[in-house]
Amino acid sequence: MRKERPTNLAIQTMALPITAYASILHRVSGVIVWGAAVVLLPLLIFAIQSAQNFDTLSTIFNENFFAQFVVWGLLTALGYYCLGTLKHIIQEFGYFEELASGCMISRVAIGLGVLLSIVVGVLIWL
């Protein structure tokens, strides 16, 4: 066994490829989406019980900045999760599997995720 192995790997000093960031973002957004489902499904059940309940939730989401911010964050996570999933499906069909093309499709997915986040923000706050 070689004695020249590194003993302390400082993760913050390593440069990860863009594909790693895309993968990490996809996993984090998936956790956010599934965690949000636990919160949003009871709200949906509450909203469909009566028109008054729907109006109450509608008023909360229209007048409360924090609620709007949370909805924006959840929709951003959902959007990137869908884009990341689409990227993985394309790669499963055998396209963009090499390092250079994988980096390119990862940049496209992240860029579209940022663009989608901006569009959702404009739709919520305007």
# chains A, B, ... in the order shown; residues from 1 in each chain; ligands from 1
>>> select_by_dssp(residues="chain A", states="alpha helix (DSSP H)", output="PyMOL selection string")
chain A and resi 18-47+51-63+65-92+99-125
>>> residues_around(residues="range 31-46 of chain A", least_positions_apart="2", cutoff="12 Å", atoms="only C-alpha atoms", output="number ranges by chain")
A: 24-29, 48-58, 60-61, 67, 70-82
>>> write_last_selection(atoms="N, CA and C atoms", output="mmCIF file, in the first residue's frame")
data_model
loop_
_atom_site.group_PDB
_atom_site.id
_atom_site.type_symbol
_atom_site.label_atom_id
_atom_site.label_comp_id
_atom_site.auth_asym_id
_atom_site.auth_seq_id
_atom_site.Cartn_x
_atom_site.Cartn_y
_atom_site.Cartn_z
ATOM 1 N N ILE A 24 -26.226 17.765 -7.791
ATOM 2 C CA ILE A 24 -26.524 18.157 -6.403
ATOM 3 C C ILE A 24 -27.786 19.011 -6.354
ATOM 4 N N LEU A 25 -27.919 19.977 -7.277
ATOM 5 C CA LEU A 25 -29.120 20.810 -7.321
ATOM 6 C C LEU A 25 -30.371 19.983 -7.604
ATOM 7 N N HIS A 26 -30.236 18.982 -8.467
ATOM 8 C CA HIS A 26 -31.382 18.131 -8.785
ATOM 9 C C HIS A 26 -31.824 17.350 -7.550
ATOM 10 N N ARG A 27 -30.876 16.834 -6.801
ATOM 11 C CA ARG A 27 -31.227 16.072 -5.594
ATOM 12 C C ARG A 27 -31.837 16.973 -4.529
ATOM 13 N N VAL A 28 -31.253 18.153 -4.331
ATOM 14 C CA VAL A 28 -31.781 19.084 -3.324
ATOM 15 C C VAL A 28 -33.181 19.550 -3.719
ATOM 16 N N SER A 29 -33.369 19.872 -4.999
ATOM 17 C CA SER A 29 -34.698 20.308 -5.430
ATOM 18 C C SER A 29 -35.722 19.186 -5.281
ATOM 19 N N ILE A 48 -60.210 23.046 -0.978
ATOM 20 C CA ILE A 48 -61.320 22.514 -1.772
ATOM 21 C C ILE A 48 -62.533 22.155 -0.920
ATOM 22 N N GLN A 49 -62.455 22.344 0.387
ATOM 23 C CA GLN A 49 -63.602 22.030 1.237
ATOM 24 C C GLN A 49 -64.731 23.038 1.090
ATOM 25 N N SER A 50 -64.384 24.322 0.882
ATOM 26 C CA SER A 50 -65.430 25.331 0.719
ATOM 27 C C SER A 50 -64.847 26.550 0.015
ATOM 28 N N ALA A 51 -65.734 27.385 -0.504
ATOM 29 C CA ALA A 51 -65.308 28.617 -1.175
ATOM 30 C C ALA A 51 -64.682 29.582 -0.185
ATOM 31 N N GLN A 52 -65.187 29.591 1.043
ATOM 32 C CA GLN A 52 -64.631 30.482 2.069
ATOM 33 C C GLN A 52 -63.181 30.082 2.407
ATOM 34 N N ASN A 53 -62.924 28.793 2.515
ATOM 35 C CA ASN A 53 -61.553 28.341 2.770
ATOM 36 C C ASN A 53 -60.621 28.723 1.618
ATOM 37 N N PHE A 54 -61.115 28.575 0.388
ATOM 38 C CA PHE A 54 -60.323 28.960 -0.774
ATOM 39 C C PHE A 54 -60.010 30.449 -0.752
ATOM 40 N N ASP A 55 -61.033 31.267 -0.444
ATOM 41 C CA ASP A 55 -60.816 32.709 -0.374
ATOM 42 C C ASP A 55 -59.834 33.086 0.725
ATOM 43 N N THR A 56 -59.880 32.372 1.846
ATOM 44 C CA THR A 56 -58.944 32.631 2.937
ATOM 45 C C THR A 56 -57.506 32.361 2.492
ATOM 46 N N LEU A 57 -57.283 31.209 1.877
ATOM 47 C CA LEU A 57 -55.930 30.896 1.396
ATOM 48 C C LEU A 57 -55.502 31.836 0.277
ATOM 49 N N SER A 58 -56.416 32.191 -0.585
ATOM 50 C CA SER A 58 -56.103 33.114 -1.670
ATOM 51 C C SER A 58 -55.670 34.472 -1.119
ATOM 52 N N ILE A 60 -54.361 35.031 1.852
ATOM 53 C CA ILE A 60 -53.047 34.857 2.497
ATOM 54 C C ILE A 60 -51.937 34.884 1.458
ATOM 55 N N PHE A 61 -52.121 34.159 0.352
ATOM 56 C CA PHE A 61 -51.072 34.092 -0.660
ATOM 57 C C PHE A 61 -50.949 35.375 -1.468
ATOM 58 N N ALA A 67 -45.427 34.286 2.286
ATOM 59 C CA ALA A 67 -46.121 33.186 1.609
ATOM 60 C C ALA A 67 -45.789 33.185 0.118
ATOM 61 N N VAL A 70 -42.273 31.823 -0.316
ATOM 62 C CA VAL A 70 -42.243 30.361 -0.161
ATOM 63 C C VAL A 70 -42.783 29.689 -1.423
ATOM 64 N N VAL A 71 -43.869 30.209 -1.964
ATOM 65 C CA VAL A 71 -44.433 29.640 -3.193
ATOM 66 C C VAL A 71 -43.436 29.793 -4.340
ATOM 67 N N TRP A 72 -42.774 30.959 -4.424
ATOM 68 C CA TRP A 72 -41.755 31.157 -5.455
ATOM 69 C C TRP A 72 -40.627 30.135 -5.307
ATOM 70 N N GLY A 73 -40.164 29.921 -4.105
ATOM 71 C CA GLY A 73 -39.100 28.953 -3.865
ATOM 72 C C GLY A 73 -39.521 27.541 -4.231
ATOM 73 N N LEU A 74 -40.742 27.179 -3.875
ATOM 74 C CA LEU A 74 -41.228 25.834 -4.191
ATOM 75 C C LEU A 74 -41.396 25.635 -5.699
ATOM 76 N N LEU A 75 -41.909 26.652 -6.385
ATOM 77 C CA LEU A 75 -42.060 26.545 -7.837
ATOM 78 C C LEU A 75 -40.708 26.544 -8.544
ATOM 79 N N THR A 76 -39.744 27.280 -8.002
ATOM 80 C CA THR A 76 -38.391 27.253 -8.546
ATOM 81 C C THR A 76 -37.788 25.861 -8.393
ATOM 82 N N ALA A 77 -37.950 25.272 -7.213
ATOM 83 C CA ALA A 77 -37.435 23.922 -6.980
ATOM 84 C C ALA A 77 -38.129 22.914 -7.895
ATOM 85 N N LEU A 78 -39.445 23.035 -8.039
ATOM 86 C CA LEU A 78 -40.180 22.129 -8.919
ATOM 87 C C LEU A 78 -39.730 22.274 -10.368
ATOM 88 N N GLY A 79 -39.544 23.509 -10.799
ATOM 89 C CA GLY A 79 -39.097 23.747 -12.171
ATOM 90 C C GLY A 79 -37.734 23.152 -12.443
ATOM 91 N N TYR A 80 -36.778 23.377 -11.512
ATOM 92 C CA TYR A 80 -35.450 22.809 -11.737
ATOM 93 C C TYR A 80 -35.487 21.286 -11.634
ATOM 94 N N TYR A 81 -36.304 20.761 -10.752
ATOM 95 C CA TYR A 81 -36.420 19.309 -10.637
ATOM 96 C C TYR A 81 -36.916 18.706 -11.957
ATOM 97 N N CYS A 82 -37.893 19.349 -12.571
ATOM 98 C CA CYS A 82 -38.409 18.865 -13.859
ATOM 99 C C CYS A 82 -37.348 18.983 -14.950
#
>>> atom_distance(atom1="CA of Trp125 in chain A", atom2="CA of Phe66 in chain A")
11.8 Å
>>> atom_distance(atom1="CA of Leu83 in chain A", atom2="CA of Ala109 in chain A")
5.9 Å
>>> atom_distance(atom1="CA of Thr85 in chain A", atom2="CA of Gln12 in chain A")
27.1 Å
>>> closest_residue(among="A:Lys87, A:Val119, A:Ala10, A:Glu63", to="Met104 in chain A", atoms="only C-alpha atoms")
A:Lys87
>>> decode(residues="range 91-104 of chain A", atoms="all heavy atoms", output="PDB file, in the first residue's frame")
ATOM      1  N   GLN A  91     -30.194  11.944 -21.301  1.00  0.00           N
ATOM      2  CA  GLN A  91     -28.940  11.207 -21.178  1.00  0.00           C
ATOM      3  C   GLN A  91     -29.170   9.692 -21.137  1.00  0.00           C
ATOM      4  O   GLN A  91     -28.320   8.923 -21.579  1.00  0.00           O
ATOM      5  CB  GLN A  91     -28.168  11.670 -19.945  1.00  0.00           C
ATOM      6  CG  GLN A  91     -27.584  13.058 -20.132  1.00  0.00           C
ATOM      7  CD  GLN A  91     -26.855  13.557 -18.915  1.00  0.00           C
ATOM      8  OE1 GLN A  91     -27.293  13.350 -17.785  1.00  0.00           O
ATOM      9  NE2 GLN A  91     -25.730  14.220 -19.145  1.00  0.00           N
ATOM     10  N   GLU A  92     -30.294   9.260 -20.612  1.00  0.00           N
ATOM     11  CA  GLU A  92     -30.603   7.827 -20.603  1.00  0.00           C
ATOM     12  C   GLU A  92     -30.808   7.285 -22.007  1.00  0.00           C
ATOM     13  O   GLU A  92     -30.605   6.102 -22.260  1.00  0.00           O
ATOM     14  CB  GLU A  92     -31.854   7.545 -19.760  1.00  0.00           C
ATOM     15  CG  GLU A  92     -31.617   7.629 -18.271  1.00  0.00           C
ATOM     16  CD  GLU A  92     -30.671   6.551 -17.767  1.00  0.00           C
ATOM     17  OE1 GLU A  92     -30.744   5.402 -18.245  1.00  0.00           O
ATOM     18  OE2 GLU A  92     -29.855   6.875 -16.899  1.00  0.00           O
ATOM     19  N   PHE A  93     -31.220   8.143 -22.945  1.00  0.00           N
ATOM     20  CA  PHE A  93     -31.374   7.727 -24.328  1.00  0.00           C
ATOM     21  C   PHE A  93     -30.047   7.722 -25.084  1.00  0.00           C
ATOM     22  O   PHE A  93     -30.013   7.458 -26.280  1.00  0.00           O
ATOM     23  CB  PHE A  93     -32.387   8.609 -25.056  1.00  0.00           C
ATOM     24  CG  PHE A  93     -33.807   8.236 -24.770  1.00  0.00           C
ATOM     25  CD1 PHE A  93     -34.619   9.064 -24.017  1.00  0.00           C
ATOM     26  CD2 PHE A  93     -34.344   7.056 -25.259  1.00  0.00           C
ATOM     27  CE1 PHE A  93     -35.931   8.718 -23.740  1.00  0.00           C
ATOM     28  CE2 PHE A  93     -35.656   6.708 -24.999  1.00  0.00           C
ATOM     29  CZ  PHE A  93     -36.451   7.541 -24.235  1.00  0.00           C
ATOM     30  N   GLY A  94     -28.957   8.056 -24.379  1.00  0.00           N
ATOM     31  CA  GLY A  94     -27.634   7.958 -24.988  1.00  0.00           C
ATOM     32  C   GLY A  94     -27.075   9.248 -25.542  1.00  0.00           C
ATOM     33  O   GLY A  94     -26.024   9.238 -26.173  1.00  0.00           O
ATOM     34  N   TYR A  95     -27.742  10.365 -25.310  1.00  0.00           N
ATOM     35  CA  TYR A  95     -27.251  11.641 -25.798  1.00  0.00           C
ATOM     36  C   TYR A  95     -26.545  12.392 -24.672  1.00  0.00           C
ATOM     37  O   TYR A  95     -26.910  12.265 -23.507  1.00  0.00           O
ATOM     38  CB  TYR A  95     -28.405  12.500 -26.334  1.00  0.00           C
ATOM     39  CG  TYR A  95     -29.157  11.841 -27.457  1.00  0.00           C
ATOM     40  CD1 TYR A  95     -30.382  11.244 -27.241  1.00  0.00           C
ATOM     41  CD2 TYR A  95     -28.621  11.805 -28.743  1.00  0.00           C
ATOM     42  CE1 TYR A  95     -31.079  10.632 -28.264  1.00  0.00           C
ATOM     43  CE2 TYR A  95     -29.310  11.189 -29.779  1.00  0.00           C
ATOM     44  CZ  TYR A  95     -30.535  10.621 -29.526  1.00  0.00           C
ATOM     45  OH  TYR A  95     -31.211  10.012 -30.546  1.00  0.00           O
ATOM     46  N   PHE A  96     -25.572  13.219 -25.024  1.00  0.00           N
ATOM     47  CA  PHE A  96     -24.863  14.094 -24.081  1.00  0.00           C
ATOM     48  C   PHE A  96     -24.238  13.308 -22.925  1.00  0.00           C
ATOM     49  O   PHE A  96     -24.279  13.738 -21.789  1.00  0.00           O
ATOM     50  CB  PHE A  96     -25.802  15.173 -23.529  1.00  0.00           C
ATOM     51  CG  PHE A  96     -26.427  16.024 -24.585  1.00  0.00           C
ATOM     52  CD1 PHE A  96     -27.743  15.817 -24.973  1.00  0.00           C
ATOM     53  CD2 PHE A  96     -25.703  17.006 -25.209  1.00  0.00           C
ATOM     54  CE1 PHE A  96     -28.328  16.594 -25.955  1.00  0.00           C
ATOM     55  CE2 PHE A  96     -26.271  17.794 -26.199  1.00  0.00           C
ATOM     56  CZ  PHE A  96     -27.583  17.593 -26.575  1.00  0.00           C
ATOM     57  N   GLU A  97     -23.654  12.178 -23.230  1.00  0.00           N
ATOM     58  CA  GLU A  97     -23.058  11.352 -22.187  1.00  0.00           C
ATOM     59  C   GLU A  97     -21.566  11.614 -21.998  1.00  0.00           C
ATOM     60  O   GLU A  97     -21.017  11.263 -20.970  1.00  0.00           O
ATOM     61  CB  GLU A  97     -23.274   9.873 -22.492  1.00  0.00           C
ATOM     62  CG  GLU A  97     -24.697   9.441 -22.315  1.00  0.00           C
ATOM     63  CD  GLU A  97     -24.869   7.959 -22.539  1.00  0.00           C
ATOM     64  OE1 GLU A  97     -24.167   7.398 -23.408  1.00  0.00           O
ATOM     65  OE2 GLU A  97     -25.695   7.369 -21.831  1.00  0.00           O
ATOM     66  N   GLU A  98     -20.899  12.209 -22.983  1.00  0.00           N
ATOM     67  CA  GLU A  98     -19.485  12.499 -22.854  1.00  0.00           C
ATOM     68  C   GLU A  98     -19.308  13.709 -21.931  1.00  0.00           C
ATOM     69  O   GLU A  98     -20.243  14.436 -21.655  1.00  0.00           O
ATOM     70  CB  GLU A  98     -18.858  12.800 -24.227  1.00  0.00           C
ATOM     71  CG  GLU A  98     -18.900  11.627 -25.189  1.00  0.00           C
ATOM     72  CD  GLU A  98     -20.257  11.452 -25.837  1.00  0.00           C
ATOM     73  OE1 GLU A  98     -20.990  12.434 -25.964  1.00  0.00           O
ATOM     74  OE2 GLU A  98     -20.584  10.304 -26.192  1.00  0.00           O
ATOM     75  N   LEU A  99     -18.075  13.924 -21.478  1.00  0.00           N
ATOM     76  CA  LEU A  99     -17.827  14.986 -20.503  1.00  0.00           C
ATOM     77  C   LEU A  99     -18.174  16.365 -21.054  1.00  0.00           C
ATOM     78  O   LEU A  99     -18.877  17.141 -20.397  1.00  0.00           O
ATOM     79  CB  LEU A  99     -16.371  14.957 -20.038  1.00  0.00           C
ATOM     80  CG  LEU A  99     -16.001  16.008 -18.993  1.00  0.00           C
ATOM     81  CD1 LEU A  99     -16.840  15.821 -17.735  1.00  0.00           C
ATOM     82  CD2 LEU A  99     -14.521  15.940 -18.675  1.00  0.00           C
ATOM     83  N   ALA A 100     -17.719  16.673 -22.258  1.00  0.00           N
ATOM     84  CA  ALA A 100     -17.964  18.010 -22.819  1.00  0.00           C
ATOM     85  C   ALA A 100     -19.453  18.248 -23.061  1.00  0.00           C
ATOM     86  O   ALA A 100     -19.987  19.304 -22.695  1.00  0.00           O
ATOM     87  CB  ALA A 100     -17.184  18.186 -24.116  1.00  0.00           C
ATOM     88  N   SER A 101     -20.127  17.282 -23.670  1.00  0.00           N
ATOM     89  CA  SER A 101     -21.556  17.472 -23.943  1.00  0.00           C
ATOM     90  C   SER A 101     -22.374  17.379 -22.655  1.00  0.00           C
ATOM     91  O   SER A 101     -23.402  18.042 -22.522  1.00  0.00           O
ATOM     92  CB  SER A 101     -22.043  16.446 -24.969  1.00  0.00           C
ATOM     93  OG  SER A 101     -21.837  15.134 -24.490  1.00  0.00           O
ATOM     94  N   GLY A 102     -21.918  16.582 -21.683  1.00  0.00           N
ATOM     95  CA  GLY A 102     -22.593  16.521 -20.388  1.00  0.00           C
ATOM     96  C   GLY A 102     -22.501  17.843 -19.655  1.00  0.00           C
ATOM     97  O   GLY A 102     -23.461  18.287 -19.011  1.00  0.00           O
ATOM     98  N   CYS A 103     -21.337  18.491 -19.748  1.00  0.00           N
ATOM     99  CA  CYS A 103     -21.182  19.820 -19.145  1.00  0.00           C
ATOM    100  C   CYS A 103     -22.098  20.826 -19.827  1.00  0.00           C
ATOM    101  O   CYS A 103     -22.708  21.684 -19.177  1.00  0.00           O
ATOM    102  CB  CYS A 103     -19.734  20.284 -19.236  1.00  0.00           C
ATOM    103  SG  CYS A 103     -18.610  19.429 -18.127  1.00  0.00           S
ATOM    104  N   MET A 104     -22.217  20.713 -21.159  1.00  0.00           N
ATOM    105  CA  MET A 104     -23.063  21.642 -21.895  1.00  0.00           C
ATOM    106  C   MET A 104     -24.538  21.489 -21.518  1.00  0.00           C
ATOM    107  O   MET A 104     -25.222  22.477 -21.244  1.00  0.00           O
ATOM    108  CB  MET A 104     -22.878  21.411 -23.406  1.00  0.00           C
ATOM    109  CG  MET A 104     -23.502  22.475 -24.282  1.00  0.00           C
ATOM    110  SD  MET A 104     -25.100  22.088 -25.003  1.00  0.00           S
ATOM    111  CE  MET A 104     -24.916  20.483 -25.664  1.00  0.00           C
TER     112      MET A 104
END
